[in-house]
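*Asks:* Enclosed is the structure file run25.csv (CSV, C-alpha atoms).
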```
chain,number,residue,atom,x,y,z
A,150,MET,CA,0.0,0.0,0.0
A,151,SER,CA,1.4,3.3,-1.0
A,152,LEU,CA,1.5,6.1,1.6
A,153,PHE,CA,2.1,8.7,-1.1
A,154,GLN,CA,-0.3,11.6,-1.4
A,155,PRO,CA,-0.4,14.5,-3.8
A,156,VAL,CA,1.7,17.5,-2.9
A,157,ALA,CA,0.2,20.9,-3.8
A,158,LEU,CA,2.2,22.4,-6.7
A,159,GLU,CA,3.0,25.6,-4.8
A,160,HIS,CA,4.9,23.4,-2.3
A,161,ALA,CA,6.7,21.3,-4.9
A,162,SER,CA,10.0,23.2,-4.6
A,163,ARG,CA,10.2,22.2,-0.9
A,164,LEU,CA,10.7,18.6,-2.0
A,165,VAL,CA,14.1,19.4,-3.5
A,166,ASN,CA,14.9,22.6,-1.7
A,167,HIS,CA,17.5,20.9,0.5
A,168,GLY,CA,19.6,19.8,-2.4
A,169,PRO,CA,19.2,16.0,-2.3
A,170,THR,CA,20.8,13.6,-4.7
A,171,VAL,CA,17.9,12.4,-6.8
A,172,LEU,CA,16.9,9.6,-9.1
A,173,VAL,CA,15.9,10.8,-12.6
A,174,THR,CA,13.4,8.6,-14.4
A,175,SER,CA,12.4,8.7,-18.0
A,176,ARG,CA,10.9,6.8,-20.9
A,177,SER,CA,10.7,7.0,-24.7
A,178,ALA,CA,7.8,8.7,-26.3
A,179,ASP,CA,6.4,5.4,-27.5
A,180,GLY,CA,6.8,3.9,-24.0
A,181,THR,CA,8.9,1.0,-25.1
A,182,ARG,CA,12.1,2.0,-23.3
A,183,ARG,CA,12.7,3.6,-19.9
A,184,ASN,CA,15.6,4.5,-17.6
A,185,VAL,CA,16.6,5.6,-14.2
A,186,MET,CA,19.9,7.4,-13.3
A,187,ALA,CA,21.2,9.3,-10.3
A,188,ALA,CA,21.8,13.1,-10.3
A,189,ALA,CA,23.4,15.2,-7.7
A,190,TRP,CA,23.0,18.5,-9.5
A,191,SER,CA,19.4,19.9,-9.5
A,192,MET,CA,17.7,22.9,-8.0
A,193,PRO,CA,14.3,24.7,-8.0
A,194,VAL,CA,14.3,27.8,-10.1
A,195,GLU,CA,10.8,29.1,-9.5
A,196,PHE,CA,8.0,28.6,-6.9
A,197,THR,CA,4.9,29.2,-9.1
A,198,PRO,CA,4.7,27.8,-11.6
A,199,PRO,CA,7.0,25.2,-10.0
A,200,ARG,CA,10.1,24.9,-12.1
A,201,ILE,CA,13.3,23.1,-11.6
A,202,ALA,CA,16.7,22.8,-13.3
A,203,ILE,CA,18.7,19.6,-13.5
A,204,VAL,CA,22.0,18.7,-15.1
A,205,ILE,CA,21.7,15.6,-17.4
A,206,ASP,CA,24.8,14.9,-19.4
A,207,LYS,CA,24.1,15.0,-23.1
A,208,HIS,CA,25.7,11.6,-23.6
A,209,THR,CA,23.4,9.7,-21.3
A,210,PHE,CA,20.6,7.5,-22.3
A,211,THR,CA,18.4,9.4,-19.9
A,212,ARG,CA,19.0,12.6,-21.9
A,213,GLU,CA,18.0,10.8,-25.1
A,214,LEU,CA,14.7,9.6,-23.6
A,215,VAL,CA,14.0,13.0,-22.1
A,216,SER,CA,14.5,14.7,-25.4
A,217,ASP,CA,12.3,12.1,-27.1
A,218,SER,CA,9.4,12.2,-24.7
A,219,GLY,CA,9.7,15.8,-23.3
A,220,ALA,CA,9.3,14.5,-19.8
A,221,PHE,CA,11.2,13.3,-16.8
A,222,GLY,CA,10.6,12.3,-13.2
A,223,ILE,CA,12.6,13.3,-10.1
A,224,CYS,CA,12.4,10.8,-7.3
A,225,ILE,CA,13.9,11.5,-3.9
A,226,PRO,CA,15.5,8.3,-2.5
A,227,GLY,CA,15.6,7.6,1.2
A,228,VAL,CA,18.6,6.1,3.0
A,229,SER,CA,17.5,2.5,2.2
A,230,LEU,CA,18.1,3.3,-1.5
A,231,CYS,CA,21.7,4.5,-1.0
A,232,ASP,CA,23.3,1.5,-2.7
A,233,LEU,CA,20.7,1.5,-5.5
A,234,THR,CA,21.3,5.2,-6.1
A,235,TYR,CA,25.0,4.5,-6.5
A,236,ALA,CA,24.3,1.5,-8.7
A,237,VAL,CA,21.9,3.2,-11.2
A,238,GLY,CA,24.3,6.2,-11.2
A,239,SER,CA,27.2,4.0,-12.2
A,240,SER,CA,25.8,2.0,-15.1
A,241,THR,CA,24.0,2.8,-18.4
A,242,GLY,CA,20.5,1.8,-19.2
A,243,ARG,CA,21.1,1.7,-22.9
A,244,GLU,CA,21.5,-2.0,-23.1
A,245,THR,CA,19.6,-3.1,-20.0
A,246,ASP,CA,16.4,-2.0,-18.4
A,247,LYS,CA,17.7,-0.9,-14.9
A,248,PHE,CA,14.2,-1.3,-13.4
A,249,ILE,CA,14.3,-5.0,-14.2
A,250,ARG,CA,17.9,-5.4,-13.4
A,251,TYR,CA,17.6,-3.9,-10.0
A,252,GLY,CA,14.1,-5.0,-9.2
A,253,ILE,CA,12.7,-1.4,-9.1
A,254,GLU,CA,8.9,-1.1,-9.2
A,255,ALA,CA,7.7,1.9,-11.2
A,256,THR,CA,4.3,3.5,-11.2
A,257,PRO,CA,3.2,5.7,-14.1
A,258,GLY,CA,3.0,9.4,-13.4
A,259,PRO,CA,-0.5,10.8,-13.4
A,260,THR,CA,0.1,13.5,-16.1
A,261,LEU,CA,2.8,12.3,-18.4
A,262,GLY,CA,3.1,8.6,-17.7
A,263,VAL,CA,6.8,9.0,-16.6
A,264,PRO,CA,7.9,5.9,-14.6
A,265,LEU,CA,8.1,7.0,-10.9
A,266,ILE,CA,9.5,5.2,-7.9
A,267,GLU,CA,7.7,5.2,-4.5
A,268,ALA,CA,9.1,2.3,-2.6
A,269,GLY,CA,12.1,3.6,-0.6
A,270,CYS,CA,11.6,7.1,-1.9
A,271,ALA,CA,10.3,10.1,0.1
A,272,ALA,CA,8.7,12.0,-2.8
A,273,TRP,CA,8.6,12.4,-6.5
A,274,LEU,CA,8.0,15.2,-9.1
A,275,GLU,CA,6.7,14.6,-12.6
A,276,CYS,CA,8.1,17.2,-14.9
A,277,ARG,CA,7.6,18.5,-18.5
A,278,LEU,CA,10.8,19.4,-20.2
A,279,ILE,CA,10.8,23.1,-21.1
A,280,PRO,CA,12.8,23.1,-24.3
A,281,GLU,CA,15.9,25.3,-23.9
A,282,PRO,CA,18.3,24.1,-26.6
A,283,HIS,CA,21.1,26.5,-25.7
A,284,ALA,CA,21.1,25.7,-21.9
A,285,GLN,CA,20.8,22.0,-22.7
A,286,ASP,CA,23.7,22.2,-25.1
A,287,ALA,CA,26.1,24.6,-23.3
A,288,TYR,CA,25.5,23.5,-19.7
A,289,ASP,CA,23.7,20.2,-19.9
A,290,THR,CA,21.0,22.0,-17.9
A,291,CYS,CA,17.5,20.9,-18.5
A,292,PHE,CA,14.6,23.1,-17.2
A,293,GLY,CA,11.4,21.5,-16.3
A,294,GLU,CA,7.9,22.4,-15.1
A,295,VAL,CA,6.5,20.3,-12.3
A,296,LEU,CA,3.1,19.1,-13.4
A,297,ALA,CA,2.4,16.7,-10.5
A,298,ALA,CA,4.1,15.8,-7.2
A,299,ALA,CA,3.6,13.5,-4.3
A,300,ALA,CA,5.2,12.5,-1.1
A,301,ASP,CA,5.2,9.8,1.6
A,302,THR,CA,2.9,11.2,4.2
A,303,ARG,CA,5.1,9.8,7.0
A,304,VAL,CA,7.7,12.4,6.2
A,305,PHE,CA,6.0,15.2,4.3
A,306,GLU,CA,2.5,16.4,5.1
A,307,ARG,CA,0.6,19.7,4.6
A,308,GLY,CA,3.4,21.2,2.7
A,309,ARG,CA,6.2,20.5,5.2
A,310,TRP,CA,8.9,17.9,5.9
A,311,SER,CA,8.7,16.3,9.3
A,312,PHE,CA,11.2,13.9,10.7
A,313,ARG,CA,9.9,14.0,14.2
A,314,ASP,CA,9.6,10.8,16.2
A,315,GLY,CA,12.0,9.0,14.0
A,316,ARG,CA,9.6,9.0,11.1
A,317,GLY,CA,12.4,9.8,8.7
A,318,HIS,CA,13.6,6.3,9.0
A,319,SER,CA,10.3,4.8,8.2
A,320,VAL,CA,10.7,5.6,4.5
A,321,SER,CA,13.3,2.8,4.6
A,322,GLU,CA,11.0,0.3,6.0
A,323,PRO,CA,8.6,-2.0,4.2
A,324,GLU,CA,5.1,-0.6,4.3
B,15,MET,CA,44.7,33.8,11.2
B,16,SER,CA,42.9,32.3,8.2
B,17,LEU,CA,43.0,28.6,7.8
B,18,PHE,CA,41.8,28.9,4.3
B,19,GLN,CA,43.9,27.4,1.5
B,20,PRO,CA,43.3,27.4,-2.2
B,21,VAL,CA,41.2,24.5,-3.7
B,22,ALA,CA,42.3,23.1,-7.1
B,23,LEU,CA,39.7,24.3,-9.6
B,24,GLU,CA,39.0,20.7,-10.7
B,25,HIS,CA,37.7,20.1,-7.2
B,26,ALA,CA,35.6,23.2,-6.9
B,27,SER,CA,32.3,21.5,-7.6
B,28,ARG,CA,32.8,19.4,-4.5
B,29,LEU,CA,32.4,22.5,-2.4
B,30,VAL,CA,28.8,22.8,-3.4
B,31,ASN,CA,28.0,19.3,-4.6
B,32,HIS,CA,26.0,18.5,-1.4
B,33,GLY,CA,23.5,21.3,-2.1
B,34,PRO,CA,24.1,23.7,0.8
B,35,THR,CA,22.4,27.0,1.4
B,36,VAL,CA,25.1,29.6,0.5
B,37,LEU,CA,25.8,33.2,0.9
B,38,VAL,CA,26.1,35.1,-2.4
B,39,THR,CA,28.5,38.1,-2.2
B,40,SER,CA,28.8,40.9,-4.8
B,41,ARG,CA,30.0,44.4,-5.4
B,42,SER,CA,29.5,47.1,-7.9
B,43,ALA,CA,32.0,47.5,-10.8
B,44,ASP,CA,33.5,50.6,-9.2
B,45,GLY,CA,33.8,48.9,-5.8
B,46,THR,CA,31.7,51.5,-3.9
B,47,ARG,CA,28.8,49.2,-3.1
B,48,ARG,CA,28.6,45.6,-2.0
B,49,ASN,CA,26.1,43.1,-0.8
B,50,VAL,CA,25.5,39.6,0.7
B,51,MET,CA,22.4,37.5,0.4
B,52,ALA,CA,21.4,33.9,1.1
B,53,ALA,CA,20.6,31.5,-1.6
B,54,ALA,CA,19.2,28.0,-1.3
B,55,TRP,CA,19.1,27.3,-5.0
B,56,SER,CA,22.5,26.6,-6.6
B,57,MET,CA,24.2,23.7,-8.3
B,58,PRO,CA,27.4,22.8,-10.2
B,59,VAL,CA,26.8,22.3,-13.9
B,60,GLU,CA,30.3,21.3,-15.1
B,61,PHE,CA,33.5,19.9,-13.5
B,62,THR,CA,36.1,21.4,-15.9
B,63,PRO,CA,36.0,24.3,-16.5
B,64,PRO,CA,34.2,24.5,-13.1
B,65,ARG,CA,30.8,26.1,-13.7
B,66,ILE,CA,27.9,26.6,-11.4
B,67,ALA,CA,24.3,27.9,-11.8
B,68,ILE,CA,22.6,29.9,-9.1
B,69,VAL,CA,19.2,31.5,-8.9
B,70,ILE,CA,19.2,35.2,-8.0
B,71,ASP,CA,15.9,37.0,-8.3
B,72,LYS,CA,16.0,39.8,-10.8
B,73,HIS,CA,14.6,42.2,-8.3
B,74,THR,CA,17.4,41.8,-5.8
B,75,PHE,CA,20.2,44.3,-5.2
B,76,THR,CA,22.6,41.4,-5.5
B,77,ARG,CA,21.4,40.8,-9.1
B,78,GLU,CA,22.0,44.5,-9.9
B,79,LEU,CA,25.6,44.3,-8.6
B,80,VAL,CA,26.3,41.0,-10.3
B,81,SER,CA,25.1,42.4,-13.6
B,82,ASP,CA,27.2,45.6,-13.1
B,83,SER,CA,30.4,43.8,-12.1
B,84,GLY,CA,30.0,40.5,-13.9
B,85,ALA,CA,31.2,38.7,-10.8
B,86,PHE,CA,29.9,37.1,-7.6
B,87,GLY,CA,31.1,35.0,-4.7
B,88,ILE,CA,29.6,31.9,-3.2
B,89,CYS,CA,30.5,31.4,0.5
B,90,ILE,CA,29.5,28.2,2.4
B,91,PRO,CA,28.4,29.1,5.9
B,92,GLY,CA,29.0,26.8,8.8
B,93,VAL,CA,26.4,26.2,11.6
B,94,SER,CA,27.6,29.2,13.6
B,95,LEU,CA,26.3,31.5,10.7
B,96,CYS,CA,22.8,30.0,10.7
B,97,ASP,CA,21.2,33.1,12.2
B,98,LEU,CA,23.3,35.4,10.0
B,99,THR,CA,22.4,33.5,6.9
B,100,TYR,CA,18.7,33.9,7.8
B,101,ALA,CA,19.2,37.6,8.5
B,102,VAL,CA,21.0,38.5,5.3
B,103,GLY,CA,18.4,36.4,3.4
B,104,SER,CA,15.6,38.4,4.9
B,105,SER,CA,16.7,42.0,4.4
B,106,THR,CA,17.8,44.1,1.4
B,107,GLY,CA,21.2,45.7,1.1
B,108,ARG,CA,20.0,48.4,-1.1
B,109,GLU,CA,19.8,51.0,1.7
B,110,THR,CA,22.3,49.5,4.1
B,111,ASP,CA,25.7,47.8,3.8
B,112,LYS,CA,24.9,44.4,5.4
B,113,PHE,CA,28.6,43.7,6.0
B,114,ILE,CA,28.7,46.7,8.3
B,115,ARG,CA,25.3,46.1,9.8
B,116,TYR,CA,26.0,42.6,10.7
B,117,GLY,CA,29.7,43.0,11.4
B,118,ILE,CA,30.8,40.7,8.6
B,119,GLU,CA,34.5,40.8,7.7
B,120,ALA,CA,35.1,40.5,4.0
B,121,THR,CA,38.3,39.7,2.2
B,122,PRO,CA,38.7,40.6,-1.5
B,123,GLY,CA,38.8,37.7,-3.9
B,124,PRO,CA,42.1,37.0,-5.6
B,125,THR,CA,40.9,37.2,-9.2
B,126,LEU,CA,38.0,39.6,-9.3
B,127,GLY,CA,38.0,41.4,-6.0
B,128,VAL,CA,34.6,40.0,-4.9
B,129,PRO,CA,34.1,40.4,-1.2
B,130,LEU,CA,34.4,36.9,0.3
B,131,ILE,CA,33.6,35.7,3.8
B,132,GLU,CA,35.9,33.3,5.6
B,133,ALA,CA,35.1,33.6,9.3
B,134,GLY,CA,32.4,31.0,10.1
B,135,CYS,CA,32.5,29.7,6.5
B,136,ALA,CA,33.8,26.4,5.3
B,137,ALA,CA,34.7,27.5,1.8
B,138,TRP,CA,34.2,30.1,-0.9
B,139,LEU,CA,34.2,30.2,-4.7
B,140,GLU,CA,34.9,33.4,-6.7
B,141,CYS,CA,33.0,33.4,-9.9
B,142,ARG,CA,32.8,35.3,-13.2
B,143,LEU,CA,29.2,35.7,-14.5
B,144,ILE,CA,28.8,34.0,-17.8
B,145,PRO,CA,26.3,36.3,-19.5
B,146,GLU,CA,23.2,34.3,-20.5
B,147,PRO,CA,20.4,36.9,-20.9
B,148,HIS,CA,17.7,34.4,-21.6
B,149,ALA,CA,18.3,32.1,-18.7
B,150,GLN,CA,18.8,35.1,-16.4
B,151,ASP,CA,15.5,36.7,-17.6
B,152,ALA,CA,13.3,33.6,-17.9
B,153,TYR,CA,14.6,31.6,-14.9
B,154,ASP,CA,16.6,34.0,-12.8
B,155,THR,CA,19.4,31.5,-13.3
B,156,CYS,CA,22.9,32.9,-13.4
B,157,PHE,CA,25.7,30.8,-14.8
B,158,GLY,CA,29.2,31.4,-13.5
B,159,GLU,CA,32.7,30.1,-14.0
B,160,VAL,CA,34.7,29.5,-10.9
B,161,LEU,CA,38.0,31.4,-11.2
B,162,ALA,CA,39.3,30.8,-7.6
B,163,ALA,CA,38.2,28.7,-4.7
B,164,ALA,CA,39.4,28.1,-1.1
B,165,ALA,CA,38.4,26.1,1.9
B,166,ASP,CA,39.1,25.9,5.6
B,167,THR,CA,41.7,23.1,5.8
B,168,ARG,CA,40.1,21.9,9.0
B,169,VAL,CA,37.2,20.5,7.0
B,170,PHE,CA,38.4,20.3,3.4
B,171,GLU,CA,41.8,19.2,2.4
B,172,ARG,CA,43.4,17.6,-0.7
B,173,GLY,CA,40.1,17.8,-2.6
B,174,ARG,CA,37.9,16.2,0.0
B,175,TRP,CA,35.6,17.1,2.8
B,176,SER,CA,36.4,15.6,6.1
B,177,PHE,CA,34.4,15.9,9.3
B,178,ARG,CA,36.3,13.3,11.2
B,179,ASP,CA,37.2,13.9,14.8
B,180,GLY,CA,34.6,16.5,15.2
B,181,ARG,CA,36.5,18.9,13.0
B,182,GLY,CA,33.2,20.0,11.3
B,183,HIS,CA,32.3,21.9,14.4
B,184,SER,CA,35.6,23.7,14.5
B,185,VAL,CA,34.5,26.0,11.6
B,186,SER,CA,32.2,27.6,14.2
B,187,GLU,CA,34.9,28.3,16.7
B,188,PRO,CA,37.1,31.3,16.9
B,189,GLU,CA,40.5,30.5,15.3
```
Could I get this file's structure written as structure tokens?
*Replies:*
Amino acid sequence: MSLFQPVALEHASRLVNHGPTVLVTSRSADGTRRNVMAAAWSMPVEFTPPRIAIVIDKHTFTRELVSDSGAFGICIPGVSLCDLTYAVGSSTGRETDKFIRYGIEATPGPTLGVPLIEAGCAAWLECRLIPEPHAQDAYDTCFGEVLAAAADTRVFERGRWSFRDGRGHSVSEPE
Amino acid sequence: MSLFQPVALEHASRLVNHGPTVLVTSRSADGTRRNVMAAAWSMPVEFTPPRIAIVIDKHTFTRELVSDSGAFGICIPGVSLCDLTYAVGSSTGRETDKFIRYGIEATPGPTLGVPLIEAGCAAWLECRLIPEPHAQDAYDTCFGEVLAAAADTRVFERGRWSFRDGRGHSVSEPE
């Protein structure tokens, strides 16, 4: 049972405001291919409409999928996904479906169908790529508008993170 | 006595890789005015040459100074500067010199003369603004190239952070 609930879009920036390393998820426009990678370089750039910037190297398979579909997901891994985050950040998904290889369950995003990860994650954001050819080319910087967001209610509720009462750890636990 | 030592430029991204809230410092081209603000939204975008992106609202005095001088500093505050970071992030420097108001000592950057803060900070980066009018206008996102960087050797040495032996706390202590 998922404990994820929608996050109001005006609060979406709070999900990445603290600068976490994130998982970037993507799929091809026709839905036949998908991928997940790790990214340490991302930031919000606007509260409303909620917009973020994320660095995705132009040689990655993720970048190819994001360009193809015009969409990507940002999933915020909890501590239990530390090794997985390292693993998906150290291998390419061009030859292998990393979701299958690492046993990652994906749920389709509500607005764009981006594969999103909930188990072990604290939150996710489903984003539409805002095409900015120059920034993408010169700085590998992709701007996105957040169209939907959700978070595990055990750690984020009513627009605020809360790790009181050891609840932060619970993201790591089986539900 | 400063315990800051230069950081090799190929390691500069490591100073902000973890997504800290930072202090952005700036001055006018003629050196008569200066400012410091807080920024939660920044990220590296390239290792070599070391480049970063940072969101600076176009209505801020900092943005005016950065546009005027083509330069800015990023200083990474330690825990002892928590209240100061909040204070300089909650007031404008247009009418008052915040360095004087809050008793902040600034040292001129070695390449561009940007006012940089060492006391209470773990590191700083002196950056040249890379003019990108569209990104600045549409996303308040300023790209910069790091021309010089330095860190407190008690917590960053030989290209790596180290908080062993409680040394992280020492940034907060008088030297």
*Asks:* Starting from chain A, keep only residues with some atom at most 12 Å from an atom of chain B, counting only C-alpha atoms, and report them as a PDB file with C-alpha atoms, keeping the file's coordinate frame.
*Replies:*
```pdb
ATOM      1  CA  SER A 162      10.000  23.200  -4.600  1.00  0.00           C
ATOM      2  CA  ARG A 163      10.200  22.200  -0.900  1.00  0.00           C
ATOM      3  CA  VAL A 165      14.100  19.400  -3.500  1.00  0.00           C
ATOM      4  CA  ASN A 166      14.900  22.600  -1.700  1.00  0.00           C
ATOM      5  CA  HIS A 167      17.500  20.900   0.500  1.00  0.00           C
ATOM      6  CA  GLY A 168      19.600  19.800  -2.400  1.00  0.00           C
ATOM      7  CA  PRO A 169      19.200  16.000  -2.300  1.00  0.00           C
ATOM      8  CA  THR A 170      20.800  13.600  -4.700  1.00  0.00           C
ATOM      9  CA  VAL A 171      17.900  12.400  -6.800  1.00  0.00           C
ATOM     10  CA  ALA A 188      21.800  13.100 -10.300  1.00  0.00           C
ATOM     11  CA  ALA A 189      23.400  15.200  -7.700  1.00  0.00           C
ATOM     12  CA  TRP A 190      23.000  18.500  -9.500  1.00  0.00           C
ATOM     13  CA  SER A 191      19.400  19.900  -9.500  1.00  0.00           C
ATOM     14  CA  MET A 192      17.700  22.900  -8.000  1.00  0.00           C
ATOM     15  CA  PRO A 193      14.300  24.700  -8.000  1.00  0.00           C
ATOM     16  CA  VAL A 194      14.300  27.800 -10.100  1.00  0.00           C
ATOM     17  CA  GLU A 195      10.800  29.100  -9.500  1.00  0.00           C
ATOM     18  CA  PHE A 196       8.000  28.600  -6.900  1.00  0.00           C
ATOM     19  CA  THR A 197       4.900  29.200  -9.100  1.00  0.00           C
ATOM     20  CA  PRO A 198       4.700  27.800 -11.600  1.00  0.00           C
ATOM     21  CA  PRO A 199       7.000  25.200 -10.000  1.00  0.00           C
ATOM     22  CA  ARG A 200      10.100  24.900 -12.100  1.00  0.00           C
ATOM     23  CA  ILE A 201      13.300  23.100 -11.600  1.00  0.00           C
ATOM     24  CA  ALA A 202      16.700  22.800 -13.300  1.00  0.00           C
ATOM     25  CA  ILE A 203      18.700  19.600 -13.500  1.00  0.00           C
ATOM     26  CA  VAL A 204      22.000  18.700 -15.100  1.00  0.00           C
ATOM     27  CA  ILE A 205      21.700  15.600 -17.400  1.00  0.00           C
ATOM     28  CA  ASP A 206      24.800  14.900 -19.400  1.00  0.00           C
ATOM     29  CA  LYS A 207      24.100  15.000 -23.100  1.00  0.00           C
ATOM     30  CA  ILE A 279      10.800  23.100 -21.100  1.00  0.00           C
ATOM     31  CA  PRO A 280      12.800  23.100 -24.300  1.00  0.00           C
ATOM     32  CA  GLU A 281      15.900  25.300 -23.900  1.00  0.00           C
ATOM     33  CA  PRO A 282      18.300  24.100 -26.600  1.00  0.00           C
ATOM     34  CA  HIS A 283      21.100  26.500 -25.700  1.00  0.00           C
ATOM     35  CA  ALA A 284      21.100  25.700 -21.900  1.00  0.00           C
ATOM     36  CA  GLN A 285      20.800  22.000 -22.700  1.00  0.00           C
ATOM     37  CA  ASP A 286      23.700  22.200 -25.100  1.00  0.00           C
ATOM     38  CA  ALA A 287      26.100  24.600 -23.300  1.00  0.00           C
ATOM     39  CA  TYR A 288      25.500  23.500 -19.700  1.00  0.00           C
ATOM     40  CA  ASP A 289      23.700  20.200 -19.900  1.00  0.00           C
ATOM     41  CA  THR A 290      21.000  22.000 -17.900  1.00  0.00           C
ATOM     42  CA  CYS A 291      17.500  20.900 -18.500  1.00  0.00           C
ATOM     43  CA  PHE A 292      14.600  23.100 -17.200  1.00  0.00           C
ATOM     44  CA  GLY A 293      11.400  21.500 -16.300  1.00  0.00           C
ATOM     45  CA  GLU A 294       7.900  22.400 -15.100  1.00  0.00           C
TER      46      GLU A 294
END
```
*Asks:* Hey, can you check how far CA of Gly252 (chain A) sits from CA of Asp301 (chain A)?
*Replies:*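 These two atoms are separated by 20.4 Å.
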*Asks:* From the list B:Leu161, B:Thr106, B:Arg47, B:Thr167, which residue is nearest Ala26 (chain B) when using all atoms listed in the file?
*Replies:*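 Selected residue with least distance to Ala26 (chain B): B:Leu161.
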*Asks:* Kindly compute an axis-aligned box around the listed atoms of region 161-165 of chain A, allowing 3 Å on each side, and express its centre and edge lengths in Å to one decimal as JSON.
*Replies:*
```
{"center_x": 10.4, "center_y": 20.9, "center_z": -2.9, "size_x": 13.4, "size_y": 10.6, "size_z": 10.0}
```
*Asks:* Considering all atoms listed in the file, can you say which of B:Leu23, B:Leu37, B:Leu126, B:Val169 comes closest to Ala85 (chain B)?
*Replies:* B:Leu126
*Asks:* Measure the distance from CA of Cys96 (chain B) to CA of Ala120 (chain B) in Å and round it to one decimal.
*Replies:*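 These two atoms are separated by 17.5 Å.
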*Asks:* Mind pulling up the distance from CA of Ile223 (chain A) to CA of Ala299 (chain A)?
*Replies:*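 Computing it gives 10.7 Å between the two atoms.
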*Asks:* Could you tell me which of B:Leu79, B:Ala52, B:Ile114, B:Ala163 comes closest to Leu98 (chain B) if we count all atoms listed in the file?
*Replies:*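 Of the candidates, the smallest distance to Leu98 (chain B) is held by B:Ala52.
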*Asks:* Can you work out which one of B:Gln19, B:Thr39, B:Ala101, B:Phe177 has the shortest atom-to-atom distance to Ile131 (chain B), counting all atoms listed in the file?
*Replies:*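 Closest residue, counting all atoms listed in the file: B:Thr39.
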